[in-house]
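Structure below is start29.cif: mmCIF, C-alpha atoms.
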data_protein
#
loop_
_atom_site.label_atom_id
_atom_site.label_comp_id
_atom_site.auth_asym_id
_atom_site.auth_seq_id
_atom_site.Cartn_x
_atom_site.Cartn_y
_atom_site.Cartn_z
CA MET A 22 25.59 6.37 1.25
CA LYS A 23 27.01 9.31 -0.73
CA GLY A 24 24.92 11.43 -2.99
CA HIS A 25 22.88 14.64 -3.05
CA ILE A 26 19.58 15.79 -1.65
CA ILE A 27 17.46 17.88 -4.00
CA ILE A 28 15.29 19.98 -1.74
CA THR A 29 11.82 20.47 -3.18
CA GLY A 30 9.77 22.23 -0.52
CA THR A 31 6.55 20.49 0.36
CA VAL A 32 6.23 16.76 0.86
CA THR A 33 3.92 16.58 -2.15
CA TYR A 34 6.59 17.99 -4.44
CA ALA A 35 9.16 15.65 -2.93
CA MET A 36 6.91 12.71 -3.79
CA ARG A 37 6.24 14.07 -7.25
CA ALA A 38 9.96 14.51 -7.78
CA ARG A 39 10.61 10.94 -6.68
CA GLU A 40 7.94 9.69 -9.08
CA ILE A 41 9.48 11.58 -12.01
CA LEU A 42 13.02 10.52 -11.23
CA ASN A 43 12.24 6.86 -10.58
CA ARG A 44 10.21 6.65 -13.77
CA ASP A 45 13.46 7.60 -15.54
CA GLY A 46 15.57 4.97 -13.87
CA PHE A 47 16.79 6.85 -10.83
CA ASN A 48 16.53 5.10 -7.49
CA SER A 49 15.63 8.17 -5.47
CA ARG A 50 14.00 8.27 -2.06
CA ILE A 51 12.30 10.83 0.16
CA VAL A 52 14.43 12.31 2.93
CA ARG A 53 13.86 14.87 5.62
CA VAL A 54 16.19 17.85 5.69
CA LYS A 55 16.63 20.50 8.30
CA ALA A 56 13.82 23.02 7.75
CA SER A 57 14.68 26.66 7.05
CA PRO A 58 13.00 29.50 5.12
CA THR A 59 14.92 28.54 1.97
CA ASN A 60 14.43 24.81 2.38
CA GLY A 61 10.67 24.88 2.74
CA CYS A 62 9.22 22.28 5.04
CA GLY A 63 12.32 20.17 4.85
CA TYR A 64 11.63 17.41 2.39
CA GLY A 65 13.73 16.44 -0.54
CA VAL A 66 14.76 13.54 -2.73
CA PHE A 67 18.07 11.77 -2.36
CA VAL A 68 19.88 10.78 -5.54
CA GLN A 69 23.16 8.92 -5.69
CA ARG A 70 24.19 9.62 -9.25
CA ASN A 71 23.74 11.91 -12.24
CA LEU A 72 22.75 14.94 -10.23
CA GLU A 73 22.73 17.32 -13.20
CA GLU A 74 20.49 14.99 -15.17
CA ALA A 75 18.16 14.68 -12.20
CA ILE A 76 17.95 18.45 -11.80
CA SER A 77 17.28 18.91 -15.49
CA LEU A 78 14.53 16.28 -15.45
CA LEU A 79 12.83 17.89 -12.48
CA LYS A 80 13.01 21.37 -14.00
CA ASP A 81 11.54 20.06 -17.25
CA ASN A 82 8.64 18.77 -15.17
CA GLU A 83 8.19 22.12 -13.39
CA ILE A 84 9.36 20.90 -10.01
CA LYS A 85 10.70 23.87 -8.04
CA ILE A 86 14.11 23.15 -6.54
CA LEU A 87 14.88 25.09 -3.38
CA GLY A 88 18.39 23.86 -2.90
CA ILE A 89 20.90 21.04 -3.19
CA THR A 90 22.95 19.60 -0.36
CA ALA A 91 25.57 16.94 -0.49
CA LYS A 92 25.08 13.87 1.64
CA GLU A 93 28.21 12.12 2.80
CA MET B 5 -34.84 1.52 4.61
CA ILE B 6 -34.89 2.08 0.86
CA TYR B 7 -32.34 4.85 0.41
CA LEU B 8 -32.96 7.00 -2.66
CA ASP B 9 -31.17 10.13 -1.55
CA ASN B 10 -27.71 9.38 -2.96
CA ALA B 11 -27.56 12.80 -4.59
CA ALA B 12 -27.31 14.16 -1.03
CA THR B 13 -24.74 11.58 -0.01
CA SER B 14 -24.24 7.91 -0.87
CA GLY B 15 -26.17 5.92 1.67
CA ASN B 16 -24.24 2.67 1.33
CA LYS B 17 -20.47 2.87 1.55
CA PRO B 18 -18.39 -0.02 0.23
CA LYS B 19 -16.75 -2.20 2.87
CA ALA B 20 -13.34 -1.20 1.51
CA VAL B 21 -14.09 2.46 2.24
CA ILE B 22 -15.12 1.73 5.81
CA GLU B 23 -12.02 -0.39 6.33
CA ALA B 24 -9.81 2.30 4.86
CA VAL B 25 -11.22 4.90 7.25
CA LEU B 26 -10.52 2.56 10.14
CA ARG B 27 -6.94 2.07 8.98
CA ALA B 28 -6.45 5.83 8.89
CA LEU B 29 -7.55 6.02 12.50
CA THR B 30 -5.36 3.14 13.64
CA GLU B 31 -2.26 2.25 11.63
CA PHE B 32 -1.79 5.65 10.00
CA SER B 33 -2.93 8.04 12.70
CA ALA B 34 -0.41 10.84 12.25
CA ASN B 35 -0.27 14.28 10.69
CA PRO B 36 0.88 13.83 7.08
CA GLY B 37 3.58 16.17 5.81
CA ARG B 38 4.18 17.85 9.13
CA SER B 39 6.54 15.70 11.18
CA GLY B 40 9.48 13.81 9.75
CA HIS B 41 8.90 10.50 11.51
CA LYS B 42 8.04 7.28 9.72
CA ARG B 43 4.34 7.32 10.56
CA SER B 44 3.91 10.89 9.34
CA LEU B 45 5.68 10.04 6.12
CA ALA B 46 3.66 6.84 5.70
CA ALA B 47 0.47 8.89 6.08
CA ALA B 48 1.81 11.44 3.58
CA GLU B 49 2.47 8.62 1.09
CA LYS B 50 -1.18 7.56 1.33
CA VAL B 51 -2.32 11.13 0.80
CA TYR B 52 -0.11 11.40 -2.27
CA ASP B 53 -1.43 8.10 -3.53
CA CYS B 54 -4.97 9.47 -3.28
CA ARG B 55 -3.97 12.62 -5.17
CA SER B 56 -2.50 10.41 -7.91
CA LYS B 57 -5.66 8.32 -8.17
CA LEU B 58 -7.82 11.44 -8.47
CA CYS B 59 -5.43 12.90 -11.03
CA ASP B 60 -5.79 9.75 -13.13
CA LEU B 61 -9.58 9.56 -12.70
CA PHE B 62 -10.08 13.14 -13.89
CA ASP B 63 -7.17 13.30 -16.35
CA ALA B 64 -5.68 16.23 -14.46
CA GLY B 65 -2.31 17.90 -14.88
CA GLY B 66 -0.60 16.14 -11.97
CA PRO B 67 -1.14 14.94 -8.38
CA GLN B 68 0.12 18.30 -7.12
CA ASN B 69 -2.96 19.90 -8.69
CA VAL B 70 -5.28 18.00 -6.33
CA ILE B 71 -6.35 20.02 -3.29
CA PHE B 72 -8.34 18.49 -0.44
CA THR B 73 -11.05 20.71 1.04
CA ASN B 74 -13.84 20.30 3.58
CA ASN B 75 -16.46 19.64 0.91
CA CYS B 76 -17.41 20.57 -2.63
CA THR B 77 -18.87 23.88 -1.46
CA SER B 78 -15.48 24.84 0.02
CA ALA B 79 -13.82 23.86 -3.24
CA LEU B 80 -16.17 26.11 -5.23
CA ASN B 81 -15.66 28.98 -2.80
CA MET B 82 -11.91 28.52 -3.15
CA VAL B 83 -12.19 28.93 -6.92
CA ILE B 84 -14.64 31.82 -6.84
CA LYS B 85 -12.88 33.80 -4.13
CA GLY B 86 -9.38 32.68 -5.03
CA VAL B 87 -9.38 33.23 -8.77
CA LEU B 88 -11.45 36.37 -9.19
CA ASN B 89 -10.16 39.91 -8.85
CA LYS B 90 -12.00 43.20 -8.46
CA ASN B 91 -14.15 44.14 -11.46
CA ASP B 92 -13.99 40.66 -12.95
CA HIS B 93 -17.07 39.31 -14.71
CA VAL B 94 -18.35 35.77 -14.21
CA VAL B 95 -20.89 33.66 -16.11
CA ILE B 96 -22.85 30.94 -14.35
CA SER B 97 -25.60 28.66 -15.62
CA SER B 98 -29.29 28.93 -14.72
CA LEU B 99 -29.15 25.56 -12.95
CA GLU B 100 -26.40 26.29 -10.42
CA HIS B 101 -26.46 25.15 -6.82
CA ASN B 102 -26.29 27.72 -4.01
CA SER B 103 -22.64 26.74 -3.50
CA VAL B 104 -22.01 28.72 -6.69
CA VAL B 105 -24.85 31.25 -6.57
CA ARG B 106 -24.29 32.45 -3.01
CA PRO B 107 -20.54 33.17 -3.15
CA VAL B 108 -20.94 34.84 -6.55
CA GLU B 109 -23.87 36.94 -5.33
CA THR B 110 -21.98 37.79 -2.13
CA LEU B 111 -19.03 39.13 -4.12
CA ARG B 112 -21.42 41.08 -6.33
CA ARG B 113 -23.11 42.68 -3.33
CA ARG B 114 -19.72 43.71 -2.00
CA GLY B 115 -19.14 45.54 -5.29
CA LEU B 116 -16.27 43.26 -6.24
CA ILE B 117 -17.54 41.46 -9.33
CA THR B 118 -20.41 41.32 -11.78
CA TYR B 119 -22.02 38.20 -13.15
CA ASP B 120 -24.53 37.01 -15.69
CA VAL B 121 -26.67 33.89 -15.79
CA ALA B 122 -26.58 31.85 -18.99
CA GLU B 123 -29.97 30.33 -19.62
CA VAL B 124 -29.92 26.57 -20.04
CA ILE B 125 -32.18 25.58 -22.91
CA LEU B 126 -33.62 22.20 -21.97
CA GLY B 127 -33.10 19.66 -24.71
CA ASP B 128 -30.92 21.91 -26.89
CA ASP B 129 -27.20 21.86 -26.11
CA GLU B 130 -26.26 24.12 -29.00
CA ALA B 131 -28.68 26.77 -27.82
CA THR B 132 -27.30 26.43 -24.28
CA VAL B 133 -23.75 26.97 -25.52
CA ARG B 134 -24.91 30.02 -27.51
CA SER B 135 -26.48 31.27 -24.31
CA PHE B 136 -23.10 31.13 -22.59
CA GLU B 137 -21.45 32.76 -25.57
CA LYS B 138 -23.86 35.70 -25.43
CA CYS B 139 -23.00 36.28 -21.77
CA ILE B 140 -19.22 36.28 -22.21
CA THR B 141 -17.74 39.79 -22.46
CA SER B 142 -14.22 41.21 -22.64
CA LYS B 143 -14.24 41.36 -18.83
CA THR B 144 -15.29 37.75 -18.31
CA CYS B 145 -12.68 35.93 -16.27
CA LEU B 146 -14.48 32.75 -15.30
CA VAL B 147 -17.36 30.55 -16.40
CA ILE B 148 -18.84 28.20 -13.78
CA CYS B 149 -21.15 25.38 -14.77
CA THR B 150 -22.57 22.34 -13.09
CA HIS B 151 -21.83 19.07 -14.89
CA SER B 152 -25.28 17.74 -14.03
CA SER B 153 -28.21 19.35 -12.27
CA ASN B 154 -28.97 18.00 -8.78
CA VAL B 155 -32.66 18.72 -9.42
CA LEU B 156 -33.27 17.77 -13.02
CA GLY B 157 -30.53 15.26 -13.67
CA LEU B 158 -29.76 17.12 -16.88
CA VAL B 159 -26.19 16.66 -18.12
CA MET B 160 -24.70 19.89 -19.38
CA PRO B 161 -22.62 20.14 -22.61
CA ILE B 162 -19.43 20.61 -20.63
CA LYS B 163 -17.03 19.76 -23.44
CA LYS B 164 -18.62 22.33 -25.75
CA ILE B 165 -18.69 24.99 -23.04
CA GLY B 166 -15.05 24.19 -22.28
CA GLN B 167 -14.16 24.65 -25.94
CA LEU B 168 -15.98 27.97 -25.96
CA CYS B 169 -14.11 29.12 -22.85
CA LYS B 170 -10.76 28.11 -24.33
CA SER B 171 -11.49 29.96 -27.56
CA ARG B 172 -12.39 33.09 -25.59
CA ASN B 173 -9.47 32.76 -23.16
CA VAL B 174 -11.81 32.41 -20.18
CA LEU B 175 -11.20 30.11 -17.23
CA PHE B 176 -13.67 27.25 -16.80
CA CYS B 177 -14.80 25.77 -13.51
CA VAL B 178 -17.05 22.71 -13.35
CA ASP B 179 -19.13 21.64 -10.37
CA ALA B 180 -18.91 17.85 -10.55
CA ALA B 181 -20.74 17.21 -7.27
CA GLN B 182 -23.32 14.98 -8.96
CA SER B 183 -21.20 13.56 -11.76
CA ALA B 184 -17.86 12.44 -10.30
CA GLY B 185 -17.87 8.67 -10.09
CA VAL B 186 -20.85 8.42 -12.45
CA LEU B 187 -19.98 10.22 -15.69
CA PRO B 188 -16.56 10.27 -17.38
CA ILE B 189 -14.64 13.49 -16.80
CA SER B 190 -11.43 14.41 -18.60
CA MET B 191 -10.18 17.82 -17.61
CA LYS B 192 -7.85 17.81 -20.61
CA GLU B 193 -10.44 16.85 -23.21
CA MET B 194 -13.14 19.06 -21.72
CA ASN B 195 -10.81 22.07 -21.20
CA ILE B 196 -11.72 22.23 -17.52
CA ASP B 197 -9.40 24.45 -15.50
CA TYR B 198 -10.97 23.85 -12.08
CA LEU B 199 -12.95 20.77 -11.10
CA CYS B 200 -14.87 20.68 -7.81
CA VAL B 201 -15.83 17.27 -6.46
CA ALA B 202 -18.02 15.90 -3.68
CA PRO B 203 -16.38 12.50 -3.05
CA HIS B 204 -19.01 11.48 -0.51
CA LYS B 205 -21.56 11.13 -3.31
CA GLY B 206 -20.49 9.22 -6.43
CA LEU B 207 -17.10 8.22 -5.02
CA TYR B 208 -18.62 6.64 -1.89
CA ALA B 209 -16.26 8.40 0.51
CA PRO B 210 -17.25 9.69 3.95
CA THR B 211 -18.75 13.15 4.34
CA GLY B 212 -16.48 15.99 5.47
CA ILE B 213 -14.08 15.90 2.53
CA GLY B 214 -14.06 17.68 -0.82
CA VAL B 215 -11.68 17.88 -3.74
CA LEU B 216 -10.59 20.75 -5.94
CA VAL B 217 -8.46 19.87 -8.94
CA ALA B 218 -6.82 23.04 -10.19
CA ASN B 219 -5.04 22.85 -13.53
CA LYS B 220 -4.58 26.63 -13.50
CA PRO B 221 -3.23 28.84 -10.72
CA ILE B 222 -5.34 30.20 -7.89
CA ALA B 223 -4.19 33.73 -7.14
CA HIS B 224 -5.50 34.15 -3.60
CA THR B 225 -5.88 31.85 -0.66
CA ILE B 226 -9.07 32.14 1.36
CA ILE B 227 -7.79 30.31 4.40
CA GLU B 228 -4.34 30.92 5.80
CA GLY B 229 -2.57 29.02 8.49
CA GLY B 230 -0.13 26.21 9.05
CA THR B 231 0.92 24.35 5.95
CA GLY B 232 3.90 22.39 7.26
CA SER B 233 6.19 24.61 5.21
CA MET B 234 8.03 27.93 5.55
CA SER B 235 6.94 28.21 9.16
CA GLU B 236 9.25 31.14 9.83
CA ILE B 237 7.49 33.46 7.41
CA MET B 238 4.20 35.24 8.10
CA ILE B 239 3.04 35.09 4.51
CA GLN B 240 1.00 32.11 3.36
CA PRO B 241 3.01 29.95 0.93
CA THR B 242 1.06 29.45 -2.29
CA ASP B 243 2.71 26.28 -3.54
CA MET B 244 0.16 23.78 -4.71
CA PRO B 245 -1.42 21.95 -3.08
CA GLU B 246 -0.27 22.57 0.48
CA GLY B 247 -0.66 26.34 0.23
CA PHE B 248 -4.39 25.76 -0.15
CA GLU B 249 -4.68 23.12 2.55
CA SER B 250 -4.01 25.07 5.73
CA GLY B 251 -4.51 23.07 8.86
CA THR B 252 -4.54 19.34 9.40
CA LEU B 253 -5.93 17.25 6.59
CA ASN B 254 -8.94 15.00 7.05
CA LEU B 255 -6.87 11.83 6.85
CA PRO B 256 -9.75 9.35 7.43
CA GLY B 257 -11.69 11.20 4.72
CA ILE B 258 -8.77 11.01 2.30
CA PHE B 259 -8.32 7.30 2.95
CA GLY B 260 -12.02 6.92 2.27
CA VAL B 261 -11.73 8.87 -0.98
CA SER B 262 -8.83 6.69 -2.07
CA ALA B 263 -10.76 3.50 -1.38
CA GLY B 264 -13.84 4.96 -3.04
CA VAL B 265 -11.93 5.79 -6.21
CA SER B 266 -10.50 2.27 -6.25
CA PHE B 267 -14.02 0.87 -5.85
CA VAL B 268 -15.35 2.95 -8.75
CA ASN B 269 -12.37 2.01 -10.93
CA LYS B 270 -12.85 -1.67 -10.11
CA ILE B 271 -16.52 -1.66 -11.09
CA GLY B 272 -16.02 0.79 -13.97
CA LEU B 273 -17.70 4.14 -14.57
CA GLN B 274 -19.69 2.81 -17.51
CA LYS B 275 -21.11 -0.10 -15.53
CA ILE B 276 -22.05 2.17 -12.63
CA TYR B 277 -23.69 4.72 -14.89
CA GLU B 278 -25.58 2.14 -16.95
CA HIS B 279 -26.89 0.46 -13.81
CA GLU B 280 -28.13 3.72 -12.31
CA LEU B 281 -29.55 4.92 -15.61
CA SER B 282 -31.45 1.66 -16.09
CA LEU B 283 -32.99 2.15 -12.65
CA MET B 284 -34.06 5.67 -13.61
CA LYS B 285 -35.57 4.41 -16.86
CA PHE B 286 -37.47 1.76 -14.94
CA ALA B 287 -38.62 4.33 -12.40
CA TYR B 288 -39.72 6.69 -15.14
CA GLU B 289 -41.75 4.02 -16.95
CA LYS B 290 -43.54 3.05 -13.74
CA ILE B 291 -43.96 6.50 -12.23
CA THR B 292 -45.69 7.94 -15.31
CA LYS B 293 -48.52 5.46 -14.73
CA ILE B 294 -49.32 6.93 -11.29
CA LYS B 295 -52.32 9.22 -11.33
CA GLY B 296 -51.51 12.83 -10.50
CA ILE B 297 -47.78 12.53 -11.05
CA GLN B 298 -45.90 15.44 -12.52
CA LEU B 299 -42.39 14.90 -13.91
CA TYR B 300 -40.00 17.66 -14.90
CA THR B 301 -37.56 15.91 -17.17
CA PRO B 302 -37.95 13.75 -20.26
CA TYR B 303 -37.29 10.01 -20.38
CA PRO B 304 -33.70 9.41 -19.21
CA GLU B 305 -31.25 9.09 -22.07
CA LYS B 306 -27.67 7.91 -22.04
CA TYR B 307 -25.16 10.70 -21.40
CA LEU B 308 -27.93 13.31 -21.55
CA SER B 309 -29.33 12.31 -18.16
CA ALA B 310 -27.74 11.80 -14.78
CA PRO B 311 -29.41 9.42 -12.28
CA VAL B 312 -31.55 12.07 -10.59
CA MET B 313 -35.30 12.51 -11.02
CA SER B 314 -37.66 15.15 -9.65
CA PHE B 315 -41.43 14.86 -9.45
CA ASN B 316 -44.49 16.05 -7.62
CA LEU B 317 -47.91 14.63 -6.84
CA ARG B 318 -50.73 17.02 -7.65
CA HIS B 319 -52.60 18.34 -4.64
CA LYS B 320 -49.82 17.38 -2.24
CA THR B 321 -46.76 19.31 -1.18
CA SER B 322 -43.36 17.81 -1.89
CA PHE B 323 -42.66 17.78 1.86
CA ASP B 324 -45.84 15.81 2.60
CA VAL B 325 -44.98 13.23 -0.03
CA ALA B 326 -41.44 12.88 1.31
CA ALA B 327 -42.72 12.58 4.89
CA SER B 328 -45.19 9.88 3.86
CA LEU B 329 -42.47 7.99 2.02
CA ASP B 330 -40.23 8.27 5.07
CA GLU B 331 -43.02 6.74 7.20
CA MET B 332 -43.11 3.88 4.73
CA GLY B 333 -39.34 3.38 4.88
CA VAL B 334 -38.21 5.25 1.76
CA ALA B 335 -35.64 8.05 2.01
CA VAL B 336 -35.95 10.82 -0.56
CA ARG B 337 -35.36 14.56 -0.50
CA ALA B 338 -38.01 17.24 -0.88
CA GLY B 339 -37.83 20.98 -1.34
CA LEU B 340 -35.51 23.20 -3.32
CA HIS B 341 -32.36 21.09 -2.93
CA CYS B 342 -30.25 24.22 -2.40
CA ALA B 343 -30.84 25.01 -6.07
CA PRO B 344 -33.54 27.68 -6.36
CA PHE B 345 -32.35 28.61 -9.86
CA ALA B 346 -33.29 25.18 -11.16
CA HIS B 347 -36.69 25.30 -9.47
CA LYS B 348 -37.35 28.76 -10.87
CA ARG B 349 -36.55 27.30 -14.29
CA ILE B 350 -39.21 24.58 -13.98
CA GLY B 351 -41.75 26.62 -12.03
CA THR B 352 -41.45 24.81 -8.69
CA LEU B 353 -40.01 27.59 -6.57
CA GLU B 354 -42.99 27.53 -4.24
CA ASN B 355 -43.45 23.83 -3.59
CA GLY B 356 -40.10 22.37 -4.59
CA THR B 357 -39.99 18.78 -5.82
CA VAL B 358 -39.48 15.28 -4.50
CA ARG B 359 -36.15 13.94 -5.71
CA ILE B 360 -34.97 10.36 -6.04
CA SER B 361 -31.41 9.35 -6.79
CA PRO B 362 -30.02 5.79 -6.76
CA SER B 363 -26.49 4.53 -6.30
CA TYR B 364 -24.65 1.49 -7.61
CA PHE B 365 -26.00 -0.40 -4.59
CA THR B 366 -29.66 0.35 -5.35
CA LYS B 367 -31.65 -2.67 -6.55
CA LYS B 368 -34.46 -2.74 -9.08
CA GLU B 369 -36.73 -4.30 -6.43
CA GLU B 370 -36.19 -1.22 -4.29
CA ILE B 371 -37.33 1.05 -7.10
CA GLN B 372 -40.39 -1.19 -7.57
CA ALA B 373 -41.14 -1.01 -3.85
CA PHE B 374 -40.79 2.79 -3.91
CA ILE B 375 -43.21 3.01 -6.85
CA SER B 376 -45.74 0.83 -5.04
CA LYS B 377 -45.58 3.00 -1.95
CA LEU B 378 -45.82 6.19 -4.01
CA ALA B 379 -48.91 4.81 -5.73
CA ILE B 380 -50.53 4.29 -2.30
CA ILE B 381 -49.75 7.89 -1.29
CA ALA B 382 -51.16 9.13 -4.59
CA ARG B 383 -54.61 7.58 -3.96
#
For the structure just supplied, provide its representation as structure tokens.
Amino acid sequence: MKGHIIITGTVTYAMRAREILNRDGFNSRIVRVKASPTNGCGYGVFVQRNLEEAISLLKDNEIKILGITAKE
Amino acid sequence: MIYLDNAATSGNKPKAVIEAVLRALTEFSANPGRSGHKRSLAAAEKVYDCRSKLCDLFDAGGPQNVIFTNNCTSALNMVIKGVLNKNDHVVISSLEHNSVVRPVETLRRRGLITYDVAEVILGDDEATVRSFEKCITSKTCLVICTHSSNVLGLVMPIKKIGQLCKSRNVLFCVDAAQSAGVLPISMKEMNIDYLCVAPHKGLYAPTGIGVLVANKPIAHTIIEGGTGSMSEIMIQPTDMPEGFESGTLNLPGIFGVSAGVSFVNKIGLQKIYEHELSLMKFAYEKITKIKGIQLYTPYPEKYLSAPVMSFNLRHKTSFDVAASLDEMGVAVRAGLHCAPFAHKRIGTLENGTVRISPSYFTKKEEIQAFISKLAIIAR
């Protein structure tokens, strides 16, 4: 499934991000990403569409975004 | 046994709490937020769910503001040692538990902070608030106040103190050890920045777990270690809440907290409080008829009194009375209750008091039985 992973850091922030996004109609889910110093503990939320809107929504809700990766 | 020591910990845990703890140890036995496998993630979901429930119960800023600690004392230490900087000034009330007094006094003795004690004026909330106001200076960083005294059962004017703190740009920490699950708490409405909770009391959770809800930042960690994040760096990450939860979480405890919150929500705070208050009113009416009894608080009143009552029998020590009650199958607590400030306030520093505290599970017949036994001891 194509889309993007918004890397949030801790698992708590990944779950908070999912809650915020899904409340707004996104169908996001928690995914594990390869951990690195910039990716935090390696959790993120996968979104299929409207990446910019998702990023904006998360930033408005003070969710720190550590990175974005594409998922093929 | 008639258990009237619920202010120490709730003696009867709901079946749902016990079952939840068992589930944590069986179906969900994994380390939440550490490994990426399904069971770890499933455990993490339950932890997040508990954070959300607590956030809703206390009207907090978000689930990410909920930190799990070992107990309420750890939560208070985390605020006191994590928020304060050198030369900061703190104000505490004259009814505080040692979990506030000792860390504050320890920092003072190390030459790190100064503090003042705001005198609580019994029966006069406005005077109490003025007392806090007089203690606040330009260097005051933090005010710490218990929501209700574990000795007197007196409910403090938290909302008014919170308003005062907000107007003076001072952080406000509330010790809700005795009030969470009994009295309504809205961090937003009461301007509470840090709320410290003992879920094993009014939320019927197991012992060994505490909660700190932090709506404002905590500058310093007091425990560093593994957080499941940024493992390659030597510096402790300070992202909430994981940065303040080093080490493996008490998963059975968290499951218990979650089930306890659900239990309290199902019954309703008002119903729980009114039940316990009615028991205290009944106890008060009966106990005043016992010869030689000495009470330290007025007749319990709604929202001015928490379900805690202290008394003594003249010519007997509090420990002797408690021991006699224990022989007769009634569990109470005697002594200073880790709150010497409160006892100094009511003149019982030498002998302490006998304290009774019901829970939602306590029956009126049990209070009657306790009174009957106390009357025998008093003869």
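Applied to this file, the PyMOL selection byres ((chain B) within 7 of (chain A)) selects the residues Gly37, Gly40, Tyr52, Gln68, Gly232, Ser233, Met234 and Glu236 of chain B.
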Restrict the selected residues to C-alpha atoms and save them as a CSV table (one decimal), in the frame of the given file.
chain,number,residue,atom,x,y,z
B,37,GLY,CA,3.6,16.2,5.8
B,40,GLY,CA,9.5,13.8,9.8
B,52,TYR,CA,-0.1,11.4,-2.3
B,68,GLN,CA,0.1,18.3,-7.1
B,232,GLY,CA,3.9,22.4,7.3
B,233,SER,CA,6.2,24.6,5.2
B,234,MET,CA,8.0,27.9,5.6
B,236,GLU,CA,9.2,31.1,9.8
Centre and edge lengths, as lines of an AutoDock Vina configuration file, for the axis-aligned box enclosing every listed atom of stretch 153-168 of chain B with 3 Å of padding on each of the six sides, in Å to one decimal?
center_x = -23.7
center_y = 21.6
center_z = -17.4
size_x = 25.1
size_y = 18.7
size_z = 23.2
Checklist entry - Which protein, DNA or RNA residues have an atom at most 10 Å from (17.3, 10.5, -10.7), counting all atoms listed in the file? List them as a list of chain:residue names. => result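 Those residues lying close to the given coordinates are A:Ile27, A:Ala38, A:Arg39, A:Glu40, A:Ile41, A:Leu42, A:Asn43, A:Arg44, A:Asp45, A:Gly46, A:Phe47, A:Asn48, A:Ser49, A:Arg50, A:Val66, A:Phe67, A:Val68, A:Gln69, A:Arg70, A:Asn71, A:Leu72, A:Glu73, A:Glu74, A:Ala75, A:Ile76, A:Ser77, A:Leu78, A:Leu79.
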Taking (-43.5, 2.2, -10.3) as a centre in this file's frame and 6 Å as the limit, can you find every polymer residue with an atom that close, using only C-alpha atoms, and give them as a JSON list (two decimals) with C-alpha atoms, in the coordinates of the input?
[["chain", "number", "residue", "atom", "x", "y", "z"],
["B", 287, "ALA", "CA", -38.62, 4.33, -12.40],
["B", 290, "LYS", "CA", -43.54, 3.05, -13.74],
["B", 291, "ILE", "CA", -43.96, 6.50, -12.23],
["B", 372, "GLN", "CA", -40.39, -1.19, -7.57],
["B", 375, "ILE", "CA", -43.21, 3.01, -6.85],
["B", 376, "SER", "CA", -45.74, 0.83, -5.04]]
Next on the checklist: Can you tell me which residues surround stretch 87-93 of chain A at a distance of at most 6 Å, considering all atoms listed in the file, apart from same-chain residues fewer than 6 positions away, and format the answer as an MDAnalysis selection string?
Outcome noted: chainID A and resid 23:29 60
Checklist entry - Which residue out of B:Pro107, B:Gly166, B:Pro188, B:Pro256 has the minimum interatomic distance to B:Ala34 when only C-alpha atoms are used? => result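 Under the stated criterion, the closest residue is B:Pro256.
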Do a neighbour search on stretch 275-281 of chain B at 6 Å with all atoms listed in the file, toss out local chain neighbours closer than 2 positions, and write the hits as a PDB file with C-alpha atoms, keeping the file's coordinate frame.
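Contents of the output file around_25.pdb:
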ATOM      1  CA  VAL B 186     -20.850   8.420 -12.450  1.00  0.00           C
ATOM      2  CA  GLY B 272     -16.020   0.790 -13.970  1.00  0.00           C
ATOM      3  CA  LEU B 273     -17.700   4.140 -14.570  1.00  0.00           C
ATOM      4  CA  LEU B 283     -32.990   2.150 -12.650  1.00  0.00           C
ATOM      5  CA  MET B 284     -34.060   5.670 -13.610  1.00  0.00           C
ATOM      6  CA  PRO B 311     -29.410   9.420 -12.280  1.00  0.00           C
ATOM      7  CA  TYR B 364     -24.650   1.490  -7.610  1.00  0.00           C
TER       8      TYR B 364
END
Checklist entry - In Å, how far is it from atom CA of B:Ser135 to atom CA of B:Gln182? => result 22.6 Å
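Here atom CA of B:Ser190 and atom CA of B:Thr366 stand 26.6 Å from one another.
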